[in-house]
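Next comes query-v7.txt, with compact mmCIF, C-alpha atoms.
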```
# COMPACT_ATOMS: atom_id res chain seq x y z
CA MET A 1 55.09 98.27 76.70
CA ASN A 2 52.61 96.04 78.52
CA THR A 3 51.55 96.28 82.14
CA GLN A 4 53.85 93.47 83.28
CA GLU A 5 56.92 95.17 81.82
CA GLU A 6 55.94 98.46 83.44
CA GLN A 7 55.63 96.74 86.81
CA LEU A 8 59.03 95.09 86.41
CA ASN A 9 60.63 98.41 85.50
CA ALA A 10 58.96 100.05 88.48
CA LEU A 11 60.28 97.35 90.80
CA LYS A 12 63.74 97.77 89.29
CA ASP A 13 63.63 101.52 89.89
CA ILE A 14 62.49 101.01 93.48
CA ARG A 15 65.31 98.55 94.10
CA GLN A 16 67.87 100.98 92.68
CA MET A 17 66.53 103.74 94.92
CA MET A 18 66.76 101.47 97.96
CA ASP A 19 70.33 100.51 97.06
CA ARG A 20 71.32 104.14 96.72
CA SER A 21 69.81 105.03 100.08
CA SER A 22 71.21 102.07 102.04
CA ARG A 23 74.52 101.27 100.32
CA PHE A 24 77.50 103.28 99.15
CA ILE A 25 77.59 102.35 95.47
CA SER A 26 80.09 104.96 94.28
CA LEU A 27 83.00 102.71 95.22
CA SER A 28 84.99 102.28 92.02
CA GLY A 29 86.56 99.02 90.92
CA LEU A 30 89.38 101.00 89.34
CA SER A 31 90.38 102.22 92.79
CA GLY A 32 90.99 98.59 93.74
CA VAL A 33 93.12 98.05 90.65
CA PHE A 34 95.10 101.21 91.39
CA ALA A 35 95.63 100.22 95.03
CA GLY A 36 96.79 96.77 93.96
CA VAL A 37 99.33 98.14 91.49
CA ILE A 38 100.68 100.59 94.08
CA ALA A 39 100.93 97.76 96.63
CA LEU A 40 102.96 95.63 94.22
CA ILE A 41 105.30 98.53 93.52
CA GLY A 42 105.66 99.09 97.26
CA ALA A 43 106.40 95.39 97.80
CA TYR A 44 109.12 95.57 95.15
CA PHE A 45 110.86 98.46 96.89
CA ALA A 46 110.40 96.82 100.30
CA ASN A 47 112.07 93.68 99.00
CA ASP A 48 114.88 95.81 97.61
CA GLU A 49 115.41 97.43 101.02
CA ILE A 50 115.47 94.04 102.73
CA ASN A 51 118.07 92.78 100.25
CA LYS A 52 120.18 95.87 100.89
CA PHE A 53 119.98 95.16 104.61
CA ILE A 54 120.94 91.51 104.15
CA ASN A 55 123.92 92.44 101.97
CA LYS A 56 124.81 95.40 104.22
CA ARG A 57 124.51 97.92 101.40
CA GLY A 58 123.75 101.21 103.11
CA TYR A 59 122.90 99.57 106.43
CA GLY A 60 124.97 99.11 109.54
CA TYR A 61 125.30 96.05 111.72
CA GLY A 62 123.34 94.98 114.76
CA VAL A 63 120.44 96.86 116.30
CA ASP A 64 121.16 100.13 114.48
CA GLY A 65 120.86 98.47 111.09
CA GLU A 66 117.63 96.74 112.07
CA MET A 67 116.15 100.01 113.32
CA ASP A 68 117.11 101.77 110.09
CA LEU A 69 115.46 99.03 108.04
CA GLU A 70 112.33 99.16 110.18
CA PHE A 71 112.14 102.95 109.83
CA ASN A 72 112.57 102.81 106.05
CA LEU A 73 109.90 100.13 105.70
CA ILE A 74 107.48 102.15 107.82
CA LYS A 75 108.11 105.24 105.67
CA LEU A 76 107.55 103.18 102.54
CA GLY A 77 104.35 101.70 103.97
CA ILE A 78 102.95 105.12 104.84
CA PHE A 79 103.82 106.43 101.38
CA VAL A 80 102.10 103.47 99.69
CA LEU A 81 99.03 103.91 101.90
CA VAL A 82 98.72 107.63 101.13
CA ILE A 83 99.07 107.12 97.37
CA ALA A 84 96.59 104.23 97.36
CA LEU A 85 94.04 106.21 99.38
CA ALA A 86 94.45 109.26 97.16
CA GLY A 87 93.85 107.16 94.06
CA GLY A 88 90.86 105.45 95.64
CA ILE A 89 89.28 108.78 96.55
CA LEU A 90 89.90 110.14 93.05
CA PHE A 91 88.34 107.19 91.22
CA THR A 92 85.41 107.06 93.64
CA TYR A 93 84.81 110.80 93.25
CA ARG A 94 84.83 110.47 89.47
CA LYS A 95 82.30 107.64 89.61
CA SER A 96 80.01 109.54 91.98
CA GLN A 97 80.12 112.60 89.72
CA LYS A 98 79.41 110.49 86.66
CA ASN A 99 76.39 108.85 88.30
CA ASN A 100 75.27 112.09 89.96
CA LEU A 101 75.52 110.55 93.44
CA PRO A 102 76.75 112.18 96.66
CA ILE A 103 80.17 110.99 97.80
CA TRP A 104 79.57 112.05 101.40
CA ASP A 105 76.30 111.12 103.07
CA LYS A 106 74.98 109.03 105.95
CA THR A 107 75.80 105.76 104.19
CA SER A 108 79.39 106.72 103.38
CA LYS A 109 79.88 107.81 107.00
CA SER A 110 78.63 104.44 108.24
CA LEU A 111 80.89 102.71 105.73
CA LEU A 112 83.98 104.56 106.94
CA ILE A 113 83.17 104.04 110.62
CA ASN A 114 82.71 100.30 110.16
CA LEU A 115 85.85 100.13 108.04
CA PHE A 116 88.11 102.12 110.33
CA VAL A 117 87.23 100.53 113.68
CA PRO A 118 88.99 97.22 112.85
CA LEU A 119 91.71 99.08 110.95
CA VAL A 120 92.53 101.35 113.89
CA ALA A 121 92.45 98.40 116.27
CA GLY A 122 94.80 96.50 113.97
CA GLY A 123 97.10 99.49 113.61
CA LEU A 124 97.38 99.93 117.38
CA PHE A 125 97.97 96.20 117.76
CA ILE A 126 100.83 96.30 115.26
CA ILE A 127 102.34 99.43 116.85
CA ALA A 128 102.23 97.69 120.24
CA LEU A 129 104.06 94.72 118.72
CA LEU A 130 106.77 96.95 117.27
CA VAL A 131 107.24 98.89 120.51
CA ASN A 132 107.01 96.13 123.11
CA HIS A 133 107.91 92.99 121.19
CA PRO A 134 110.40 93.92 118.45
CA ASN A 135 111.28 90.29 117.74
CA THR A 136 107.72 89.59 116.59
CA TYR A 137 107.94 91.71 113.45
CA ALA A 138 107.46 88.56 111.36
CA ILE A 139 103.75 88.48 112.22
CA ILE A 140 103.13 92.08 111.13
CA ALA A 141 102.30 91.07 107.55
CA PRO A 142 99.69 88.45 108.53
CA SER A 143 98.27 90.84 111.13
CA CYS A 144 97.81 93.50 108.44
CA LEU A 145 95.98 91.04 106.21
CA ILE A 146 93.73 89.71 108.97
CA PHE A 147 92.66 93.07 110.37
CA TYR A 148 92.20 94.51 106.89
CA GLY A 149 90.04 91.56 105.92
CA LEU A 150 87.94 91.97 109.06
CA ALA A 151 87.52 95.66 108.25
CA LEU A 152 86.24 94.85 104.76
CA ILE A 153 83.81 92.27 106.11
CA ASN A 154 82.58 94.73 108.71
CA ALA A 155 82.04 97.48 106.12
CA SER A 156 80.53 95.26 103.42
CA LYS A 157 76.96 95.75 104.62
CA TYR A 158 77.17 99.41 103.60
CA THR A 159 78.46 98.87 100.06
CA TYR A 160 78.61 96.14 97.43
CA SER A 161 78.33 92.74 99.09
CA ASP A 162 81.17 91.50 96.86
CA ILE A 163 83.64 93.25 99.13
CA ARG A 164 82.84 90.67 101.81
CA TYR A 165 84.46 87.97 99.68
CA LEU A 166 87.60 90.06 99.30
CA GLY A 167 87.65 90.44 103.08
CA LEU A 168 87.29 86.70 103.61
CA CYS A 169 90.15 86.05 101.20
CA GLU A 170 92.36 88.54 103.05
CA VAL A 171 91.60 86.92 106.42
CA ILE A 172 92.25 83.41 105.11
CA LEU A 173 95.48 84.54 103.47
CA GLY A 174 96.60 86.20 106.70
CA LEU A 175 95.89 83.06 108.72
CA ILE A 176 97.88 80.94 106.26
CA CYS A 177 100.69 83.48 106.44
CA MET A 178 100.84 82.97 110.22
CA PHE A 179 102.24 79.50 109.50
CA TYR A 180 104.75 80.79 106.94
CA VAL A 181 105.99 83.98 108.57
CA GLY A 182 109.22 83.92 106.61
CA TYR A 183 107.25 84.66 103.46
CA GLY A 184 105.30 87.59 104.88
CA LEU A 185 106.20 90.03 102.12
CA ILE A 186 105.04 87.58 99.44
CA PHE A 187 101.71 87.05 101.20
CA TRP A 188 101.38 90.80 101.75
CA ALA A 189 102.01 91.50 98.06
CA PHE A 190 99.50 88.85 97.02
CA GLY A 191 96.83 90.06 99.45
CA PHE A 192 97.13 93.79 98.93
CA GLY A 193 98.36 93.61 95.35
CA ILE A 194 97.02 90.69 93.33
CA LEU A 195 93.73 90.27 95.20
CA HIS A 196 92.98 93.98 94.92
CA ILE A 197 93.64 93.97 91.19
CA VAL A 198 91.47 90.90 90.60
CA TYR A 199 88.69 92.27 92.81
CA GLY A 200 88.87 95.70 91.17
CA LEU A 201 88.62 94.26 87.67
CA LEU A 202 85.68 92.05 88.63
CA MET A 203 83.89 95.01 90.19
CA TYR A 204 84.60 97.20 87.19
CA PHE A 205 83.26 94.73 84.63
CA LYS A 206 80.29 93.82 86.83
CA TYR A 207 79.09 97.28 87.85
CA GLU A 208 80.82 100.01 85.84
CA ARG A 209 81.60 98.94 82.31
CA GLY A 210 79.01 100.19 79.89
CA GLN A 211 77.60 102.82 82.25
```

Can the structure in the file be given as structure tokens, please?
Amino acid sequence: MNTQEEQLNALKDIRQMMDRSSRFISLSGLSGVFAGVIALIGAYFANDEINKFINKRGYGYGVDGEMDLEFNLIKLGIFVLVIALAGGILFTYRKSQKNNLPIWDKTSKSLLINLFVPLVAGGLFIIALLVNHPNTYAIIAPSCLIFYGLALINASKYTYSDIRYLGLCEVILGLICMFYVGYGLIFWAFGFGILHIVYGLLMYFKYERGQ
């Protein structure tokens, strides 16, 4: 090995050390794939509940039926979120163990803080809509996409920069959905399902395969 190759390897090692100290690189692409699959399954069951409500199968009429549907969709959403988060944590933990990296350090804390600030703001915004403006439920799906996208963009500086592009796609999709509110579930499924799967696969083949 000549001197030039040694210098290049040294620079590569230094860059890897800097990445590990400044960015959370244990984020697994498989967690994105898992979250996307769970989101699509959740969208399927949500669509089934909506069809039951439309055809009055198991739902009453008027306000009571609408409240029952809303409650069931909220329960389903929480269940999907919990399962997706659990899978994400599992895959990320496995990757961190494999690469002998800490899963909880200063960088991961910064990542979570920057991720959750827009998410919490968006969650409170959506809750306020449901409580004070029940007839605006049609903009819940685009609101979820927009705030989630902003959260990803905000957190991207503490992990792989690729996540910024996913965030931009989510925001753009949410803004488009604002003009087609009747198709909110389709946009939601595409944003949280298809985009997550595509992003997860790209991340996996770019950063994880062959490690």

Polymer residues at most 12 Å from Leu69 (chain A), only C-alpha atoms, same-chain spacing of 2 or more positions, as a list in words: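 Result of the neighbour search: Ala46, Asn47, Asp48, Glu49, Ile50, Asn51, Lys52, Phe53, Ile54, Lys56, Arg57, Gly58, Tyr59, Gly60, Tyr61, Gly62, Val63, Asp64, Gly65, Glu66, Met67, Phe71, Asn72, Leu73, Ile74, Lys75, Leu76 and Tyr137 of chain A.
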
Atomic distance CA of Ile146 (chain A) - CA of Cys169 (chain A), expressed in Å with one decimal: 9.3 Å

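Closest approach to Arg209 (chain A) among A:Lys95, A:Ile83, A:Asp105, A:Leu168 is made by A:Lys95 (distances from only C-alpha atoms).
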
Shell around Ala151 (chain A) at 12 Å using all atoms listed in the file, local window under 3 positions removed, as a ChimeraX atom specification: /A:111-123,144-148,154-158,163-168,170-171

Closest of A:Ala189, A:Met178, A:Ile172, A:Ile89 to Ile103 (chain A) - atom-to-atom distances counting all atoms listed in the file: A:Ile89

Near-region 192-204 of chain A list (10 Å; all atoms listed in the file; drop same-chain fewer than 4 positions) as an mmCIF file with C-alpha atoms, keeping the file's coordinate frame:
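The resulting file, out-v7.cif, is reproduced below:
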```cif
data_model
loop_
_atom_site.group_PDB
_atom_site.id
_atom_site.type_symbol
_atom_site.label_atom_id
_atom_site.label_comp_id
_atom_site.auth_asym_id
_atom_site.auth_seq_id
_atom_site.Cartn_x
_atom_site.Cartn_y
_atom_site.Cartn_z
ATOM 1 C CA LEU A 27 83.000 102.710 95.220
ATOM 2 C CA SER A 28 84.990 102.280 92.020
ATOM 3 C CA GLY A 29 86.560 99.020 90.920
ATOM 4 C CA LEU A 30 89.380 101.000 89.340
ATOM 5 C CA SER A 31 90.380 102.220 92.790
ATOM 6 C CA GLY A 32 90.990 98.590 93.740
ATOM 7 C CA VAL A 33 93.120 98.050 90.650
ATOM 8 C CA PHE A 34 95.100 101.210 91.390
ATOM 9 C CA ALA A 35 95.630 100.220 95.030
ATOM 10 C CA GLY A 36 96.790 96.770 93.960
ATOM 11 C CA VAL A 37 99.330 98.140 91.490
ATOM 12 C CA ILE A 38 100.680 100.590 94.080
ATOM 13 C CA ALA A 39 100.930 97.760 96.630
ATOM 14 C CA LEU A 40 102.960 95.630 94.220
ATOM 15 C CA ILE A 41 105.300 98.530 93.520
ATOM 16 C CA GLY A 42 105.660 99.090 97.260
ATOM 17 C CA ALA A 43 106.400 95.390 97.800
ATOM 18 C CA CYS A 144 97.810 93.500 108.440
ATOM 19 C CA LEU A 145 95.980 91.040 106.210
ATOM 20 C CA TYR A 148 92.200 94.510 106.890
ATOM 21 C CA TYR A 160 78.610 96.140 97.430
ATOM 22 C CA ASP A 162 81.170 91.500 96.860
ATOM 23 C CA ILE A 163 83.640 93.250 99.130
ATOM 24 C CA TYR A 165 84.460 87.970 99.680
ATOM 25 C CA LEU A 166 87.600 90.060 99.300
ATOM 26 C CA GLY A 167 87.650 90.440 103.080
ATOM 27 C CA CYS A 169 90.150 86.050 101.200
ATOM 28 C CA GLU A 170 92.360 88.540 103.050
ATOM 29 C CA ILE A 186 105.040 87.580 99.440
ATOM 30 C CA PHE A 187 101.710 87.050 101.200
ATOM 31 C CA TRP A 188 101.380 90.800 101.750
ATOM 32 C CA GLU A 208 80.820 100.010 85.840
ATOM 33 C CA ARG A 209 81.600 98.940 82.310
ATOM 34 C CA GLY A 210 79.010 100.190 79.890
#
```

Can you save region 25-74 of chain A of the given block to a file, including N, CA and C atoms and formatted as a PDB file, in the first residue's frame?
```
ATOM      1  N   ILE A  25     -26.580   7.168  12.727  1.00  0.00           N
ATOM      2  CA  ILE A  25     -26.502   6.341  11.523  1.00  0.00           C
ATOM      3  C   ILE A  25     -26.975   4.910  11.768  1.00  0.00           C
ATOM      4  N   SER A  26     -27.635   4.688  12.905  1.00  0.00           N
ATOM      5  CA  SER A  26     -28.174   3.354  13.177  1.00  0.00           C
ATOM      6  C   SER A  26     -29.599   3.193  12.655  1.00  0.00           C
ATOM      7  N   LEU A  27     -30.127   4.258  12.062  1.00  0.00           N
ATOM      8  CA  LEU A  27     -31.480   4.192  11.520  1.00  0.00           C
ATOM      9  C   LEU A  27     -31.525   3.167  10.393  1.00  0.00           C
ATOM     10  N   SER A  28     -32.402   2.188  10.521  1.00  0.00           N
ATOM     11  CA  SER A  28     -32.438   1.084   9.567  1.00  0.00           C
ATOM     12  C   SER A  28     -33.453   1.333   8.456  1.00  0.00           C
ATOM     13  N   GLY A  29     -33.047   1.032   7.232  1.00  0.00           N
ATOM     14  CA  GLY A  29     -33.974   1.134   6.115  1.00  0.00           C
ATOM     15  C   GLY A  29     -35.117   0.146   6.227  1.00  0.00           C
ATOM     16  N   LEU A  30     -34.856  -0.996   6.862  1.00  0.00           N
ATOM     17  CA  LEU A  30     -35.905  -2.004   7.025  1.00  0.00           C
ATOM     18  C   LEU A  30     -37.031  -1.501   7.922  1.00  0.00           C
ATOM     19  N   SER A  31     -36.704  -0.586   8.837  1.00  0.00           N
ATOM     20  CA  SER A  31     -37.760  -0.017   9.679  1.00  0.00           C
ATOM     21  C   SER A  31     -38.729   0.803   8.834  1.00  0.00           C
ATOM     22  N   GLY A  32     -38.211   1.473   7.800  1.00  0.00           N
ATOM     23  CA  GLY A  32     -39.079   2.212   6.890  1.00  0.00           C
ATOM     24  C   GLY A  32     -39.976   1.292   6.091  1.00  0.00           C
ATOM     25  N   VAL A  33     -39.408   0.179   5.631  1.00  0.00           N
ATOM     26  CA  VAL A  33     -40.204  -0.805   4.889  1.00  0.00           C
ATOM     27  C   VAL A  33     -41.303  -1.367   5.782  1.00  0.00           C
ATOM     28  N   PHE A  34     -40.940  -1.714   7.004  1.00  0.00           N
ATOM     29  CA  PHE A  34     -41.915  -2.272   7.948  1.00  0.00           C
ATOM     30  C   PHE A  34     -43.032  -1.274   8.229  1.00  0.00           C
ATOM     31  N   ALA A  35     -42.653  -0.014   8.481  1.00  0.00           N
ATOM     32  CA  ALA A  35     -43.654   1.018   8.757  1.00  0.00           C
ATOM     33  C   ALA A  35     -44.583   1.210   7.565  1.00  0.00           C
ATOM     34  N   GLY A  36     -44.023   1.153   6.362  1.00  0.00           N
ATOM     35  CA  GLY A  36     -44.842   1.311   5.163  1.00  0.00           C
ATOM     36  C   GLY A  36     -45.842   0.189   4.992  1.00  0.00           C
ATOM     37  N   VAL A  37     -45.402  -1.032   5.243  1.00  0.00           N
ATOM     38  CA  VAL A  37     -46.309  -2.183   5.129  1.00  0.00           C
ATOM     39  C   VAL A  37     -47.431  -2.081   6.159  1.00  0.00           C
ATOM     40  N   ILE A  38     -47.075  -1.729   7.393  1.00  0.00           N
ATOM     41  CA  ILE A  38     -48.083  -1.587   8.446  1.00  0.00           C
ATOM     42  C   ILE A  38     -49.073  -0.475   8.094  1.00  0.00           C
ATOM     43  N   ALA A  39     -48.568   0.619   7.520  1.00  0.00           N
ATOM     44  CA  ALA A  39     -49.444   1.725   7.129  1.00  0.00           C
ATOM     45  C   ALA A  39     -50.435   1.291   6.055  1.00  0.00           C
ATOM     46  N   LEU A  40     -49.985   0.500   5.098  1.00  0.00           N
ATOM     47  CA  LEU A  40     -50.884   0.022   4.044  1.00  0.00           C
ATOM     48  C   LEU A  40     -51.946  -0.915   4.613  1.00  0.00           C
ATOM     49  N   ILE A  41     -51.540  -1.758   5.543  1.00  0.00           N
ATOM     50  CA  ILE A  41     -52.518  -2.641   6.193  1.00  0.00           C
ATOM     51  C   ILE A  41     -53.537  -1.807   6.969  1.00  0.00           C
ATOM     52  N   GLY A  42     -53.036  -0.791   7.681  1.00  0.00           N
ATOM     53  CA  GLY A  42     -53.936   0.092   8.416  1.00  0.00           C
ATOM     54  C   GLY A  42     -54.896   0.825   7.497  1.00  0.00           C
ATOM     55  N   ALA A  43     -54.399   1.273   6.343  1.00  0.00           N
ATOM     56  CA  ALA A  43     -55.256   1.970   5.378  1.00  0.00           C
ATOM     57  C   ALA A  43     -56.345   1.041   4.846  1.00  0.00           C
ATOM     58  N   TYR A  44     -55.996  -0.221   4.665  1.00  0.00           N
ATOM     59  CA  TYR A  44     -56.990  -1.199   4.195  1.00  0.00           C
ATOM     60  C   TYR A  44     -58.131  -1.336   5.201  1.00  0.00           C
ATOM     61  N   PHE A  45     -57.774  -1.479   6.472  1.00  0.00           N
ATOM     62  CA  PHE A  45     -58.810  -1.635   7.497  1.00  0.00           C
ATOM     63  C   PHE A  45     -59.590  -0.336   7.704  1.00  0.00           C
ATOM     64  N   ALA A  46     -58.920   0.805   7.552  1.00  0.00           N
ATOM     65  CA  ALA A  46     -59.622   2.083   7.658  1.00  0.00           C
ATOM     66  C   ALA A  46     -60.648   2.225   6.539  1.00  0.00           C
ATOM     67  N   ASN A  47     -60.257   1.838   5.344  1.00  0.00           N
ATOM     68  CA  ASN A  47     -61.186   1.883   4.212  1.00  0.00           C
ATOM     69  C   ASN A  47     -62.369   0.943   4.437  1.00  0.00           C
ATOM     70  N   ASP A  48     -62.093  -0.205   5.044  1.00  0.00           N
ATOM     71  CA  ASP A  48     -63.157  -1.159   5.346  1.00  0.00           C
ATOM     72  C   ASP A  48     -64.149  -0.569   6.348  1.00  0.00           C
ATOM     73  N   GLU A  49     -63.620   0.131   7.363  1.00  0.00           N
ATOM     74  CA  GLU A  49     -64.502   0.765   8.348  1.00  0.00           C
ATOM     75  C   GLU A  49     -65.356   1.856   7.704  1.00  0.00           C
ATOM     76  N   ILE A  50     -64.753   2.625   6.821  1.00  0.00           N
ATOM     77  CA  ILE A  50     -65.495   3.695   6.141  1.00  0.00           C
ATOM     78  C   ILE A  50     -66.607   3.107   5.275  1.00  0.00           C
ATOM     79  N   ASN A  51     -66.318   2.010   4.590  1.00  0.00           N
ATOM     80  CA  ASN A  51     -67.342   1.354   3.771  1.00  0.00           C
ATOM     81  C   ASN A  51     -68.470   0.804   4.637  1.00  0.00           C
ATOM     82  N   LYS A  52     -68.116   0.278   5.800  1.00  0.00           N
ATOM     83  CA  LYS A  52     -69.152  -0.199   6.725  1.00  0.00           C
ATOM     84  C   LYS A  52     -70.048   0.952   7.168  1.00  0.00           C
ATOM     85  N   PHE A  53     -69.421   2.102   7.428  1.00  0.00           N
ATOM     86  CA  PHE A  53     -70.196   3.269   7.847  1.00  0.00           C
ATOM     87  C   PHE A  53     -71.122   3.741   6.726  1.00  0.00           C
ATOM     88  N   ILE A  54     -70.599   3.772   5.506  1.00  0.00           N
ATOM     89  CA  ILE A  54     -71.407   4.226   4.370  1.00  0.00           C
ATOM     90  C   ILE A  54     -72.602   3.302   4.145  1.00  0.00           C
ATOM     91  N   ASN A  55     -72.367   2.002   4.285  1.00  0.00           N
ATOM     92  CA  ASN A  55     -73.432   1.014   4.058  1.00  0.00           C
ATOM     93  C   ASN A  55     -74.215   0.685   5.325  1.00  0.00           C
ATOM     94  N   LYS A  56     -73.898   1.407   6.413  1.00  0.00           N
ATOM     95  CA  LYS A  56     -74.597   1.250   7.692  1.00  0.00           C
ATOM     96  C   LYS A  56     -74.531  -0.182   8.209  1.00  0.00           C
ATOM     97  N   ARG A  57     -73.369  -0.786   8.069  1.00  0.00           N
ATOM     98  CA  ARG A  57     -73.151  -2.126   8.612  1.00  0.00           C
ATOM     99  C   ARG A  57     -72.404  -1.999   9.935  1.00  0.00           C
ATOM    100  N   GLY A  58     -73.158  -2.076  11.025  1.00  0.00           N
ATOM    101  CA  GLY A  58     -72.556  -1.953  12.346  1.00  0.00           C
ATOM    102  C   GLY A  58     -72.483  -0.529  12.851  1.00  0.00           C
ATOM    103  N   TYR A  59     -72.972   0.418  12.079  1.00  0.00           N
ATOM    104  CA  TYR A  59     -72.969   1.821  12.482  1.00  0.00           C
ATOM    105  C   TYR A  59     -74.388   2.371  12.456  1.00  0.00           C
ATOM    106  N   GLY A  60     -74.635   3.291  13.398  1.00  0.00           N
ATOM    107  CA  GLY A  60     -75.936   3.931  13.447  1.00  0.00           C
ATOM    108  C   GLY A  60     -76.022   5.097  12.477  1.00  0.00           C
ATOM    109  N   TYR A  61     -77.070   5.872  12.626  1.00  0.00           N
ATOM    110  CA  TYR A  61     -77.290   7.017  11.752  1.00  0.00           C
ATOM    111  C   TYR A  61     -76.965   8.313  12.493  1.00  0.00           C
ATOM    112  N   GLY A  62     -76.687   9.342  11.723  1.00  0.00           N
ATOM    113  CA  GLY A  62     -76.495  10.662  12.300  1.00  0.00           C
ATOM    114  C   GLY A  62     -75.176  10.816  13.035  1.00  0.00           C
ATOM    115  N   VAL A  63     -75.217  11.672  14.053  1.00  0.00           N
ATOM    116  CA  VAL A  63     -74.008  12.038  14.787  1.00  0.00           C
ATOM    117  C   VAL A  63     -73.403  10.844  15.513  1.00  0.00           C
ATOM    118  N   ASP A  64     -74.241   9.975  16.056  1.00  0.00           N
ATOM    119  CA  ASP A  64     -73.727   8.819  16.798  1.00  0.00           C
ATOM    120  C   ASP A  64     -72.882   7.916  15.903  1.00  0.00           C
ATOM    121  N   GLY A  65     -73.358   7.681  14.691  1.00  0.00           N
ATOM    122  CA  GLY A  65     -72.603   6.852  13.760  1.00  0.00           C
ATOM    123  C   GLY A  65     -71.281   7.490  13.375  1.00  0.00           C
ATOM    124  N   GLU A  66     -71.302   8.798  13.167  1.00  0.00           N
ATOM    125  CA  GLU A  66     -70.070   9.509  12.815  1.00  0.00           C
ATOM    126  C   GLU A  66     -69.063   9.462  13.959  1.00  0.00           C
ATOM    127  N   MET A  67     -69.550   9.607  15.183  1.00  0.00           N
ATOM    128  CA  MET A  67     -68.652   9.553  16.340  1.00  0.00           C
ATOM    129  C   MET A  67     -68.060   8.159  16.507  1.00  0.00           C
ATOM    130  N   ASP A  68     -68.871   7.130  16.264  1.00  0.00           N
ATOM    131  CA  ASP A  68     -68.357   5.760  16.351  1.00  0.00           C
ATOM    132  C   ASP A  68     -67.270   5.514  15.305  1.00  0.00           C
ATOM    133  N   LEU A  69     -67.503   6.005  14.094  1.00  0.00           N
ATOM    134  CA  LEU A  69     -66.502   5.848  13.038  1.00  0.00           C
ATOM    135  C   LEU A  69     -65.217   6.579  13.406  1.00  0.00           C
ATOM    136  N   GLU A  70     -65.356   7.798  13.880  1.00  0.00           N
ATOM    137  CA  GLU A  70     -64.188   8.584  14.268  1.00  0.00           C
ATOM    138  C   GLU A  70     -63.398   7.886  15.368  1.00  0.00           C
ATOM    139  N   PHE A  71     -64.104   7.340  16.349  1.00  0.00           N
ATOM    140  CA  PHE A  71     -63.448   6.645  17.457  1.00  0.00           C
ATOM    141  C   PHE A  71     -62.709   5.405  16.965  1.00  0.00           C
ATOM    142  N   ASN A  72     -63.342   4.643  16.074  1.00  0.00           N
ATOM    143  CA  ASN A  72     -62.708   3.431  15.548  1.00  0.00           C
ATOM    144  C   ASN A  72     -61.477   3.760  14.706  1.00  0.00           C
ATOM    145  N   LEU A  73     -61.556   4.832  13.937  1.00  0.00           N
ATOM    146  CA  LEU A  73     -60.406   5.227  13.118  1.00  0.00           C
ATOM    147  C   LEU A  73     -59.247   5.714  13.988  1.00  0.00           C
ATOM    148  N   ILE A  74     -59.575   6.414  15.068  1.00  0.00           N
ATOM    149  CA  ILE A  74     -58.528   6.867  15.991  1.00  0.00           C
ATOM    150  C   ILE A  74     -57.854   5.671  16.655  1.00  0.00           C
TER     151      ILE A  74
END
```
